[in-house]
Structure formats: C-alpha cells, structure tokens
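Dumped protein-v2.cif below, it's mmCIF, N, CA and C atoms:
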```
data_coords
loop_
_atom_site.label_atom_id
_atom_site.label_comp_id
_atom_site.auth_asym_id
_atom_site.auth_seq_id
_atom_site.Cartn_x
_atom_site.Cartn_y
_atom_site.Cartn_z
N ILE A 1 1.01 89.03 163.77
CA ILE A 1 1.51 87.80 164.39
C ILE A 1 2.28 88.15 165.67
N MET A 2 2.01 87.39 166.69
CA MET A 2 2.77 87.58 167.93
C MET A 2 4.20 87.09 167.70
N ASN A 3 5.15 87.86 168.19
CA ASN A 3 6.53 87.40 168.10
C ASN A 3 6.75 86.26 169.08
N ALA A 4 7.45 85.23 168.63
CA ALA A 4 7.77 84.13 169.53
C ALA A 4 8.73 84.64 170.59
N PRO A 5 8.69 84.05 171.79
CA PRO A 5 9.64 84.47 172.82
C PRO A 5 11.07 84.27 172.32
N LYS A 6 11.96 85.15 172.77
CA LYS A 6 13.38 85.01 172.42
C LYS A 6 13.92 83.84 173.23
N LYS A 7 14.55 82.90 172.54
CA LYS A 7 15.07 81.71 173.20
C LYS A 7 16.50 81.98 173.67
N ILE A 8 16.69 81.90 174.97
CA ILE A 8 18.00 82.10 175.55
C ILE A 8 18.43 80.79 176.19
N VAL A 9 19.61 80.32 175.79
CA VAL A 9 20.14 79.09 176.35
C VAL A 9 21.17 79.48 177.41
N LEU A 10 20.92 79.05 178.63
CA LEU A 10 21.79 79.35 179.75
C LEU A 10 22.52 78.07 180.16
N VAL A 11 23.84 78.11 180.09
CA VAL A 11 24.63 76.94 180.48
C VAL A 11 25.42 77.33 181.72
N GLU A 12 24.94 76.87 182.85
CA GLU A 12 25.43 77.35 184.15
C GLU A 12 25.19 76.28 185.21
N ASP A 13 26.23 75.92 185.97
CA ASP A 13 26.08 74.87 186.99
C ASP A 13 25.73 75.41 188.37
N ASN A 14 25.84 76.72 188.56
CA ASN A 14 25.56 77.32 189.87
C ASN A 14 24.08 77.75 189.93
N LEU A 15 23.31 77.05 190.77
CA LEU A 15 21.87 77.32 190.83
C LEU A 15 21.52 78.74 191.28
N ALA A 16 22.35 79.32 192.14
CA ALA A 16 22.10 80.70 192.57
C ALA A 16 22.22 81.65 191.36
N ASP A 17 23.24 81.42 190.53
CA ASP A 17 23.41 82.25 189.33
C ASP A 17 22.29 82.01 188.32
N VAL A 18 21.81 80.78 188.24
CA VAL A 18 20.69 80.46 187.35
C VAL A 18 19.47 81.27 187.78
N LYS A 19 19.21 81.24 189.09
CA LYS A 19 18.05 81.95 189.64
C LYS A 19 18.17 83.46 189.39
N LEU A 20 19.35 84.02 189.65
CA LEU A 20 19.57 85.46 189.43
C LEU A 20 19.38 85.82 187.95
N THR A 21 19.90 84.98 187.07
CA THR A 21 19.80 85.25 185.64
C THR A 21 18.35 85.20 185.18
N LYS A 22 17.63 84.19 185.62
CA LYS A 22 16.21 84.06 185.25
C LYS A 22 15.42 85.25 185.78
N MET A 23 15.69 85.65 187.02
CA MET A 23 15.00 86.80 187.60
C MET A 23 15.29 88.07 186.81
N ALA A 24 16.56 88.26 186.46
CA ALA A 24 16.95 89.46 185.72
C ALA A 24 16.23 89.52 184.36
N PHE A 25 16.15 88.38 183.68
CA PHE A 25 15.45 88.36 182.39
C PHE A 25 13.95 88.59 182.57
N SER A 26 13.39 88.06 183.65
CA SER A 26 11.94 88.23 183.86
C SER A 26 11.59 89.68 184.17
N ASN A 27 12.57 90.47 184.62
CA ASN A 27 12.34 91.89 184.89
C ASN A 27 12.35 92.74 183.63
N LEU A 28 12.73 92.15 182.51
CA LEU A 28 12.82 92.91 181.27
C LEU A 28 11.48 92.91 180.56
N SER A 29 11.31 93.85 179.65
CA SER A 29 10.06 93.94 178.91
C SER A 29 10.11 93.13 177.62
N VAL A 30 11.01 92.15 177.58
CA VAL A 30 11.10 91.30 176.39
C VAL A 30 10.67 89.89 176.77
N ASP A 31 9.90 89.27 175.89
CA ASP A 31 9.39 87.93 176.14
C ASP A 31 10.51 86.92 175.88
N THR A 32 10.96 86.25 176.93
CA THR A 32 12.06 85.31 176.77
C THR A 32 11.68 83.92 177.27
N GLU A 33 12.28 82.94 176.65
CA GLU A 33 12.19 81.56 177.13
C GLU A 33 13.60 81.14 177.45
N ILE A 34 13.83 80.76 178.70
CA ILE A 34 15.18 80.37 179.10
C ILE A 34 15.26 78.86 179.19
N ILE A 35 16.21 78.31 178.43
CA ILE A 35 16.46 76.88 178.45
C ILE A 35 17.77 76.70 179.20
N HIS A 36 17.72 75.96 180.29
CA HIS A 36 18.89 75.86 181.16
C HIS A 36 19.53 74.48 181.10
N PHE A 37 20.86 74.47 181.03
CA PHE A 37 21.64 73.24 181.11
C PHE A 37 22.73 73.43 182.16
N PHE A 38 23.09 72.34 182.84
CA PHE A 38 24.09 72.41 183.90
C PHE A 38 25.52 72.30 183.40
N ASN A 39 25.71 71.82 182.17
CA ASN A 39 27.08 71.71 181.65
C ASN A 39 27.07 71.68 180.12
N GLY A 40 28.25 71.77 179.56
CA GLY A 40 28.40 71.84 178.12
C GLY A 40 27.93 70.59 177.40
N GLN A 41 28.05 69.43 178.05
CA GLN A 41 27.61 68.19 177.40
C GLN A 41 26.10 68.22 177.17
N GLU A 42 25.34 68.68 178.18
CA GLU A 42 23.89 68.80 178.04
C GLU A 42 23.55 69.76 176.89
N LEU A 43 24.30 70.84 176.79
CA LEU A 43 24.09 71.81 175.71
C LEU A 43 24.30 71.15 174.35
N LEU A 44 25.41 70.43 174.19
CA LEU A 44 25.71 69.79 172.91
C LEU A 44 24.65 68.75 172.55
N ASP A 45 24.18 68.01 173.55
CA ASP A 45 23.11 67.03 173.31
C ASP A 45 21.86 67.72 172.79
N TYR A 46 21.54 68.86 173.38
CA TYR A 46 20.36 69.63 172.97
C TYR A 46 20.53 70.18 171.55
N LEU A 47 21.71 70.76 171.27
CA LEU A 47 21.94 71.39 169.97
C LEU A 47 21.93 70.40 168.81
N ALA A 48 22.21 69.14 169.10
CA ALA A 48 22.24 68.12 168.05
C ALA A 48 20.92 68.08 167.29
N ASN A 49 19.81 68.40 167.97
CA ASN A 49 18.49 68.34 167.31
C ASN A 49 17.69 69.63 167.42
N ALA A 50 18.31 70.68 167.92
CA ALA A 50 17.57 71.94 168.13
C ALA A 50 17.50 72.75 166.85
N PRO A 51 16.37 73.48 166.65
CA PRO A 51 16.31 74.42 165.53
C PRO A 51 17.18 75.64 165.88
N LEU A 52 18.36 75.72 165.28
CA LEU A 52 19.33 76.75 165.65
C LEU A 52 18.82 78.16 165.38
N ASN A 53 17.94 78.31 164.39
CA ASN A 53 17.38 79.62 164.08
C ASN A 53 16.62 80.23 165.26
N GLU A 54 16.14 79.39 166.15
CA GLU A 54 15.31 79.88 167.25
C GLU A 54 16.14 80.38 168.43
N ILE A 55 17.45 80.15 168.41
CA ILE A 55 18.29 80.54 169.55
C ILE A 55 18.76 81.98 169.36
N SER A 56 18.37 82.85 170.28
CA SER A 56 18.77 84.26 170.21
C SER A 56 20.10 84.51 170.88
N LEU A 57 20.42 83.67 171.87
CA LEU A 57 21.61 83.92 172.68
C LEU A 57 21.97 82.67 173.47
N ILE A 58 23.27 82.41 173.58
CA ILE A 58 23.74 81.37 174.50
C ILE A 58 24.62 82.07 175.53
N LEU A 59 24.22 81.97 176.79
CA LEU A 59 25.04 82.49 177.90
C LEU A 59 25.79 81.29 178.46
N LEU A 60 27.09 81.32 178.34
CA LEU A 60 27.91 80.15 178.65
C LEU A 60 28.89 80.43 179.78
N ASP A 61 28.78 79.65 180.84
CA ASP A 61 29.73 79.73 181.95
C ASP A 61 31.00 78.99 181.52
N LEU A 62 32.12 79.28 182.17
CA LEU A 62 33.36 78.59 181.81
C LEU A 62 33.60 77.35 182.65
N ASN A 63 33.52 77.49 183.96
CA ASN A 63 33.90 76.39 184.85
C ASN A 63 32.69 75.56 185.26
N MET A 64 32.55 74.42 184.58
CA MET A 64 31.42 73.53 184.84
C MET A 64 31.90 72.09 184.81
N PRO A 65 31.14 71.19 185.47
CA PRO A 65 31.50 69.77 185.43
C PRO A 65 31.28 69.19 184.03
N LYS A 66 31.84 68.05 183.77
CA LYS A 66 31.74 67.31 182.50
C LYS A 66 32.37 68.05 181.34
N LEU A 67 31.78 69.17 180.93
CA LEU A 67 32.31 69.91 179.79
C LEU A 67 32.16 71.40 180.06
N GLY A 68 33.28 72.08 180.20
CA GLY A 68 33.26 73.51 180.50
C GLY A 68 33.10 74.37 179.25
N GLY A 69 33.02 75.67 179.45
CA GLY A 69 32.79 76.61 178.37
C GLY A 69 33.84 76.59 177.29
N ILE A 70 35.10 76.51 177.67
CA ILE A 70 36.17 76.53 176.67
C ILE A 70 36.10 75.27 175.81
N GLU A 71 35.79 74.12 176.41
CA GLU A 71 35.64 72.88 175.64
C GLU A 71 34.46 72.99 174.68
N VAL A 72 33.38 73.62 175.14
CA VAL A 72 32.22 73.83 174.26
C VAL A 72 32.62 74.68 173.06
N LEU A 73 33.37 75.76 173.31
CA LEU A 73 33.82 76.62 172.21
C LEU A 73 34.69 75.84 171.22
N ARG A 74 35.53 74.94 171.75
CA ARG A 74 36.38 74.12 170.87
C ARG A 74 35.50 73.27 169.94
N VAL A 75 34.44 72.69 170.49
CA VAL A 75 33.52 71.89 169.68
C VAL A 75 32.81 72.79 168.65
N PHE A 76 32.32 73.94 169.10
CA PHE A 76 31.62 74.87 168.20
C PHE A 76 32.53 75.26 167.04
N ASN A 77 33.81 75.41 167.35
CA ASN A 77 34.78 75.86 166.36
C ASN A 77 34.93 74.87 165.20
N THR A 78 34.56 73.61 165.43
CA THR A 78 34.71 72.59 164.39
C THR A 78 33.40 72.37 163.63
N ASN A 79 32.35 73.13 163.97
CA ASN A 79 31.03 72.95 163.36
C ASN A 79 30.59 74.27 162.74
N SER A 80 30.41 74.28 161.42
CA SER A 80 30.15 75.55 160.73
C SER A 80 28.85 76.21 161.17
N ASP A 81 27.85 75.42 161.60
CA ASP A 81 26.60 76.02 162.09
C ASP A 81 26.75 76.54 163.52
N PHE A 82 27.32 75.71 164.40
CA PHE A 82 27.49 76.11 165.80
C PHE A 82 28.34 77.38 165.90
N LYS A 83 29.31 77.51 164.99
CA LYS A 83 30.21 78.67 164.97
C LYS A 83 29.45 79.98 164.86
N LYS A 84 28.28 79.93 164.21
CA LYS A 84 27.49 81.15 163.96
C LYS A 84 26.63 81.54 165.15
N LEU A 85 26.49 80.65 166.13
CA LEU A 85 25.62 80.94 167.27
C LEU A 85 26.18 82.08 168.12
N PRO A 86 25.30 82.94 168.61
CA PRO A 86 25.75 84.07 169.45
C PRO A 86 26.08 83.60 170.87
N VAL A 87 27.36 83.31 171.10
CA VAL A 87 27.79 82.81 172.40
C VAL A 87 28.43 83.95 173.19
N VAL A 88 27.83 84.23 174.35
CA VAL A 88 28.40 85.21 175.27
C VAL A 88 28.89 84.44 176.49
N ILE A 89 30.18 84.56 176.76
CA ILE A 89 30.74 83.94 177.96
C ILE A 89 30.29 84.79 179.15
N PHE A 90 29.68 84.12 180.13
CA PHE A 90 29.18 84.82 181.33
C PHE A 90 29.75 84.08 182.52
N THR A 91 30.82 84.65 183.09
CA THR A 91 31.60 83.91 184.08
C THR A 91 32.16 84.84 185.14
N SER A 92 32.60 84.27 186.24
CA SER A 92 33.25 85.07 187.27
C SER A 92 34.76 85.13 187.06
N SER A 93 35.25 84.38 186.07
CA SER A 93 36.69 84.37 185.81
C SER A 93 37.11 85.58 184.99
N VAL A 94 38.19 86.22 185.41
CA VAL A 94 38.69 87.37 184.65
C VAL A 94 40.14 87.17 184.22
N HIS A 95 40.56 85.91 184.13
CA HIS A 95 41.94 85.64 183.70
C HIS A 95 42.09 86.03 182.24
N GLN A 96 43.07 86.88 181.95
CA GLN A 96 43.27 87.37 180.59
C GLN A 96 43.50 86.23 179.61
N SER A 97 44.17 85.17 180.08
CA SER A 97 44.43 84.03 179.19
C SER A 97 43.12 83.35 178.78
N GLU A 98 42.16 83.26 179.71
CA GLU A 98 40.86 82.67 179.39
C GLU A 98 40.07 83.58 178.46
N VAL A 99 40.12 84.87 178.71
CA VAL A 99 39.44 85.84 177.85
C VAL A 99 39.96 85.68 176.42
N ARG A 100 41.28 85.67 176.27
CA ARG A 100 41.91 85.54 174.96
C ARG A 100 41.50 84.24 174.27
N THR A 101 41.59 83.13 175.02
CA THR A 101 41.23 81.83 174.46
C THR A 101 39.78 81.82 173.97
N CYS A 102 38.87 82.37 174.76
CA CYS A 102 37.46 82.38 174.39
C CYS A 102 37.24 83.14 173.08
N TYR A 103 37.88 84.30 172.95
CA TYR A 103 37.73 85.06 171.71
C TYR A 103 38.36 84.32 170.54
N GLU A 104 39.52 83.72 170.78
CA GLU A 104 40.19 82.96 169.71
C GLU A 104 39.32 81.80 169.23
N LEU A 105 38.52 81.23 170.16
CA LEU A 105 37.67 80.10 169.81
C LEU A 105 36.28 80.52 169.34
N GLY A 106 36.08 81.83 169.17
CA GLY A 106 34.84 82.28 168.55
C GLY A 106 33.76 82.83 169.45
N ALA A 107 34.05 83.02 170.75
CA ALA A 107 33.04 83.66 171.61
C ALA A 107 32.77 85.06 171.04
N LYS A 108 31.50 85.49 171.08
CA LYS A 108 31.13 86.79 170.52
C LYS A 108 31.29 87.91 171.55
N ALA A 109 31.32 87.53 172.83
CA ALA A 109 31.52 88.51 173.90
C ALA A 109 31.94 87.77 175.16
N TYR A 110 32.56 88.50 176.07
CA TYR A 110 33.02 87.93 177.34
C TYR A 110 32.59 88.90 178.43
N VAL A 111 31.69 88.44 179.29
CA VAL A 111 31.13 89.31 180.32
C VAL A 111 31.40 88.72 181.70
N ASN A 112 31.88 89.57 182.58
CA ASN A 112 32.14 89.17 183.95
C ASN A 112 30.84 89.23 184.76
N LYS A 113 30.57 88.16 185.52
CA LYS A 113 29.37 88.12 186.37
C LYS A 113 29.56 89.08 187.54
N PRO A 114 28.70 90.06 187.66
CA PRO A 114 28.81 90.97 188.82
C PRO A 114 28.41 90.25 190.11
N LEU A 115 29.01 90.67 191.20
CA LEU A 115 28.67 90.09 192.49
C LEU A 115 27.45 90.77 193.10
N ASP A 116 27.30 92.05 192.82
CA ASP A 116 26.18 92.83 193.37
C ASP A 116 24.91 92.54 192.56
N ILE A 117 23.79 92.33 193.25
CA ILE A 117 22.55 91.94 192.56
C ILE A 117 22.05 93.03 191.62
N ALA A 118 22.15 94.28 192.01
CA ALA A 118 21.71 95.38 191.14
C ALA A 118 22.58 95.42 189.88
N ASP A 119 23.89 95.24 190.06
CA ASP A 119 24.80 95.22 188.91
C ASP A 119 24.52 94.01 188.02
N PHE A 120 24.18 92.89 188.65
CA PHE A 120 23.87 91.67 187.90
C PHE A 120 22.68 91.94 186.99
N ASP A 121 21.64 92.53 187.57
CA ASP A 121 20.43 92.89 186.83
C ASP A 121 20.76 93.82 185.66
N GLU A 122 21.57 94.82 185.94
CA GLU A 122 21.94 95.81 184.92
C GLU A 122 22.76 95.17 183.80
N THR A 123 23.62 94.23 184.16
CA THR A 123 24.44 93.54 183.17
C THR A 123 23.56 92.70 182.25
N ILE A 124 22.61 91.97 182.83
CA ILE A 124 21.68 91.16 182.02
C ILE A 124 20.86 92.08 181.12
N ARG A 125 20.44 93.23 181.66
CA ARG A 125 19.67 94.19 180.86
C ARG A 125 20.49 94.64 179.64
N ALA A 126 21.76 94.94 179.86
CA ALA A 126 22.63 95.39 178.76
C ALA A 126 22.84 94.28 177.73
N ILE A 127 23.08 93.07 178.22
CA ILE A 127 23.24 91.92 177.32
C ILE A 127 21.97 91.72 176.49
N ALA A 128 20.83 91.72 177.18
CA ALA A 128 19.55 91.50 176.51
C ALA A 128 19.28 92.59 175.49
N HIS A 129 19.54 93.83 175.87
CA HIS A 129 19.27 94.94 174.96
C HIS A 129 20.08 94.78 173.67
N PHE A 130 21.35 94.48 173.82
CA PHE A 130 22.18 94.34 172.63
C PHE A 130 21.81 93.10 171.82
N TRP A 131 21.81 91.93 172.46
CA TRP A 131 21.65 90.67 171.73
C TRP A 131 20.24 90.37 171.29
N LEU A 132 19.23 90.90 172.01
CA LEU A 132 17.85 90.60 171.65
C LEU A 132 17.18 91.71 170.87
N HIS A 133 17.76 92.92 170.89
CA HIS A 133 17.16 94.05 170.17
C HIS A 133 18.06 94.59 169.07
N THR A 134 19.26 94.99 169.44
CA THR A 134 20.15 95.72 168.54
C THR A 134 20.80 94.82 167.50
N ASN A 135 21.33 93.71 167.95
CA ASN A 135 22.10 92.81 167.09
C ASN A 135 21.21 92.09 166.07
N ILE A 136 21.75 91.87 164.89
CA ILE A 136 21.06 91.08 163.87
C ILE A 136 21.76 89.72 163.78
N LEU A 137 20.99 88.66 163.93
CA LEU A 137 21.54 87.31 163.91
C LEU A 137 21.62 86.76 162.50
N VAL A 138 22.56 85.89 162.27
CA VAL A 138 22.68 85.20 160.99
C VAL A 138 21.54 84.18 160.89
N GLU A 139 21.03 83.99 159.69
CA GLU A 139 19.99 82.97 159.52
C GLU A 139 20.64 81.67 159.10
N PHE A 140 20.13 80.59 159.63
CA PHE A 140 20.64 79.26 159.29
C PHE A 140 19.76 78.70 158.20
N SER A 141 20.37 78.12 157.20
CA SER A 141 19.57 77.47 156.17
C SER A 141 19.06 76.15 156.75
N GLU A 142 17.77 75.97 156.70
CA GLU A 142 17.19 74.73 157.25
C GLU A 142 17.52 73.59 156.30
N VAL A 143 17.97 72.49 156.86
CA VAL A 143 18.39 71.36 156.02
C VAL A 143 17.19 70.46 155.74
#
```
Starting from the file, lay out its structure as structure tokens.
Amino acid sequence: IMNAPKKIVLVEDNLADVKLTKMAFSNLSVDTEIIHFFNGQELLDYLANAPLNEISLILLDLNMPKLGGIEVLRVFNTNSDFKKLPVVIFTSSVHQSEVRTCYELGAKAYVNKPLDIADFDETIRAIAHFWLHTNILVEFSEV
C-alpha cells in the first residue's frame, strides 16, 4: 500500500513565509500535503470536522490576525483531543515569556524562523525529519 502523504497544517499569515515553508517541504524526499490557514480561527473551523489522525504536524505562527498562536493553544488546552496534536510553534518571536507560555499551554516545540533562506530550508528539514520520521504520534480513537 502506498503511504498517504503526511498532512502538515500550516497556520501562517505571512505569504512569503508560506511560500518558503512550502518550498522547503517540497525539497524533501517525504510526500507531504500542506493545508494552509491564515489565522487560528480558520484552523479551529477546520479541526472541528477534520480527521485528527491524519494530521502529522501543525506549524503554528504566533502573531496573526483574528486568533493568534497563543489563543489557539489556549483553546487546544481545553480540548482533550486537540491537546494531543503535535503543535510546533514556528515564529520570528524569541521573547522568553512567549516561549514559556507556549510550553505551558502544551506546545510540543518552539522553533525560531530563520531569516536566511538556506537556514530556513535546513530548519524545515530538521522539523520534518523529527516529526514525520522519528516521532511516534498518538492515535485518536475514532468516534
């Protein structure tokens, strides 16, 4: 059986970063499907009916219109299924208070967006290698 593409949910309002992220994933030897949302509200609307088992990774920006990353984590924290999702904060913010808050609210990792394109590519490669190959995800019981 062919493995289904790894589903990566990208929540990012900056189109340049969306493009860079998609390019970086397309350079990898792993079959990925990237589902993109511009803000946390769009993500929550999607997750309300999405098969959570199919999500390999959520890359979540912090500063977005409508609903930012920290607000999304607060919502996830109140939902026993959403809590299990592999959420990696992918942001240009390096404020220690935000890092702490994200971990306290259940983020599984906090990654700073590199400014250099080669570094950006390498960072996505490292994230993909760990989350799509090395890491074992929890299975959700289908209701």
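Proximity of A:Asp13, A:Glu139, A:Glu104, A:Asp31 to Lys66 in chain A, computed with only C-alpha atoms, is greatest for A:Asp13.
Distance-wise, CA of Asp116 in chain A and atom C of Met23 in chain A end up 13.6 Å apart.
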Provide the atom C of Asn63 in chain A to atom C of Glu12 in chain A distance in Å, to one decimal place.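 So the answer is 7.5 Å.
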For the atom pair CA of Tyr110 in chain A and CA of Asp61 in chain A, what is the interatomic distance in Å to one decimal place?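 CA of Asp61 in chain A lies at a distance of 10.0 Å from CA of Tyr110 in chain A.
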Nearby residues (only N, CA and C atoms) at most 8 Å from Lys6 in chain A, same-chain spacing under 5 positions excluded, as a PyMOL selection string: chain A and resi 30-35+54-57+132
Tell me which protein, DNA and RNA residues are within 6.5 Å of range 71-77 of chain A, counting only N, CA and C atoms, leaving out same-chain ones fewer than 6 positions away, and put them as a ChimeraX atom specification. /A:40,83,105-106
Give me, as number ranges by chain, all polymer residues having an atom no more than 7 Å from Leu85 in chain A, counting only N, CA and C atoms and skipping those fewer than 2 positions away in the same chain. A: 57-58, 81-83, 87-88, 108
With the file shown as input, list the residues that the PyMOL selection byres (((chain A and resi 37 and name CA) around 7) and name CA) selects, as a list in words. Leu10, Val11, Glu12, Ile35, His36, Phe38, Asn39, Glu42 and Leu43 of chain A
Write out as a ChimeraX atom specification all residues of chain A that backbone DSSP assigns to helix (DSSP H, G or I). /A:15-26,40-47,52-54,69-77,82-84,96-104,117-134
Considering only strand (DSSP E or B) as DSSP defines it on the backbone, what residues of range 70-126 of chain A qualify? List them as a list in words.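 Taking range 70-126 of chain A and keeping strand (DSSP E or B) gives Val87, Val88, Ile89, Phe90, Thr91, Ala109, Tyr110, Val111 and Asn112 of chain A.
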Can you save range 28-42 of chain A of the given block to a file, including N, CA, C and O atoms and formatted as a PDB file, in the first residue's frame?
```pdb
ATOM      1  N   LEU A  28      12.029  18.126   0.203  1.00  0.00           N
ATOM      2  CA  LEU A  28      12.302  16.929   0.990  1.00  0.00           C
ATOM      3  C   LEU A  28      11.861  15.688   0.233  1.00  0.00           C
ATOM      4  O   LEU A  28      11.032  15.753  -0.662  1.00  0.00           O
ATOM      5  N   SER A  29      12.385  14.553   0.647  1.00  0.00           N
ATOM      6  CA  SER A  29      12.025  13.301  -0.013  1.00  0.00           C
ATOM      7  C   SER A  29      10.829  12.641   0.653  1.00  0.00           C
ATOM      8  O   SER A  29      10.635  11.445   0.546  1.00  0.00           O
ATOM      9  N   VAL A  30      10.037  13.437   1.359  1.00  0.00           N
ATOM     10  CA  VAL A  30       8.846  12.883   2.002  1.00  0.00           C
ATOM     11  C   VAL A  30       7.611  13.486   1.336  1.00  0.00           C
ATOM     12  O   VAL A  30       7.589  14.674   1.009  1.00  0.00           O
ATOM     13  N   ASP A  31       6.619  12.641   1.103  1.00  0.00           N
ATOM     14  CA  ASP A  31       5.394  13.072   0.440  1.00  0.00           C
ATOM     15  C   ASP A  31       4.524  13.825   1.448  1.00  0.00           C
ATOM     16  O   ASP A  31       4.065  13.242   2.422  1.00  0.00           O
ATOM     17  N   THR A  32       4.346  15.111   1.224  1.00  0.00           N
ATOM     18  CA  THR A  32       3.570  15.914   2.169  1.00  0.00           C
ATOM     19  C   THR A  32       2.414  16.617   1.475  1.00  0.00           C
ATOM     20  O   THR A  32       2.491  16.947   0.294  1.00  0.00           O
ATOM     21  N   GLU A  33       1.367  16.822   2.244  1.00  0.00           N
ATOM     22  CA  GLU A  33       0.253  17.658   1.800  1.00  0.00           C
ATOM     23  C   GLU A  33       0.176  18.795   2.797  1.00  0.00           C
ATOM     24  O   GLU A  33       0.040  18.572   3.997  1.00  0.00           O
ATOM     25  N   ILE A  34       0.307  20.018   2.298  1.00  0.00           N
ATOM     26  CA  ILE A  34       0.274  21.165   3.204  1.00  0.00           C
ATOM     27  C   ILE A  34      -1.080  21.840   3.111  1.00  0.00           C
ATOM     28  O   ILE A  34      -1.530  22.213   2.032  1.00  0.00           O
ATOM     29  N   ILE A  35      -1.725  21.951   4.269  1.00  0.00           N
ATOM     30  CA  ILE A  35      -3.009  22.634   4.358  1.00  0.00           C
ATOM     31  C   ILE A  35      -2.723  23.956   5.060  1.00  0.00           C
ATOM     32  O   ILE A  35      -2.204  23.963   6.174  1.00  0.00           O
ATOM     33  N   HIS A  36      -3.025  25.046   4.383  1.00  0.00           N
ATOM     34  CA  HIS A  36      -2.646  26.359   4.901  1.00  0.00           C
ATOM     35  C   HIS A  36      -3.855  27.158   5.373  1.00  0.00           C
ATOM     36  O   HIS A  36      -4.889  27.203   4.711  1.00  0.00           O
ATOM     37  N   PHE A  37      -3.696  27.791   6.535  1.00  0.00           N
ATOM     38  CA  PHE A  37      -4.692  28.722   7.058  1.00  0.00           C
ATOM     39  C   PHE A  37      -3.996  30.020   7.432  1.00  0.00           C
ATOM     40  O   PHE A  37      -2.848  29.999   7.861  1.00  0.00           O
ATOM     41  N   PHE A  38      -4.718  31.135   7.300  1.00  0.00           N
ATOM     42  CA  PHE A  38      -4.137  32.443   7.579  1.00  0.00           C
ATOM     43  C   PHE A  38      -4.206  32.835   9.049  1.00  0.00           C
ATOM     44  O   PHE A  38      -3.525  33.744   9.478  1.00  0.00           O
ATOM     45  N   ASN A  39      -5.062  32.165   9.832  1.00  0.00           N
ATOM     46  CA  ASN A  39      -5.156  32.516  11.255  1.00  0.00           C
ATOM     47  C   ASN A  39      -5.722  31.345  12.050  1.00  0.00           C
ATOM     48  O   ASN A  39      -6.186  30.352  11.478  1.00  0.00           O
ATOM     49  N   GLY A  40      -5.676  31.488  13.355  1.00  0.00           N
ATOM     50  CA  GLY A  40      -6.107  30.430  14.250  1.00  0.00           C
ATOM     51  C   GLY A  40      -7.578  30.096  14.141  1.00  0.00           C
ATOM     52  O   GLY A  40      -7.978  28.946  14.339  1.00  0.00           O
ATOM     53  N   GLN A  41      -8.402  31.099  13.810  1.00  0.00           N
ATOM     54  CA  GLN A  41      -9.838  30.829  13.684  1.00  0.00           C
ATOM     55  C   GLN A  41     -10.109  29.865  12.534  1.00  0.00           C
ATOM     56  O   GLN A  41     -10.903  28.935  12.654  1.00  0.00           O
ATOM     57  N   GLU A  42      -9.430  30.076  11.398  1.00  0.00           N
ATOM     58  CA  GLU A  42      -9.578  29.174  10.251  1.00  0.00           C
ATOM     59  C   GLU A  42      -9.143  27.751  10.646  1.00  0.00           C
ATOM     60  O   GLU A  42      -9.770  26.767  10.246  1.00  0.00           O
TER      61      GLU A  42
END
```
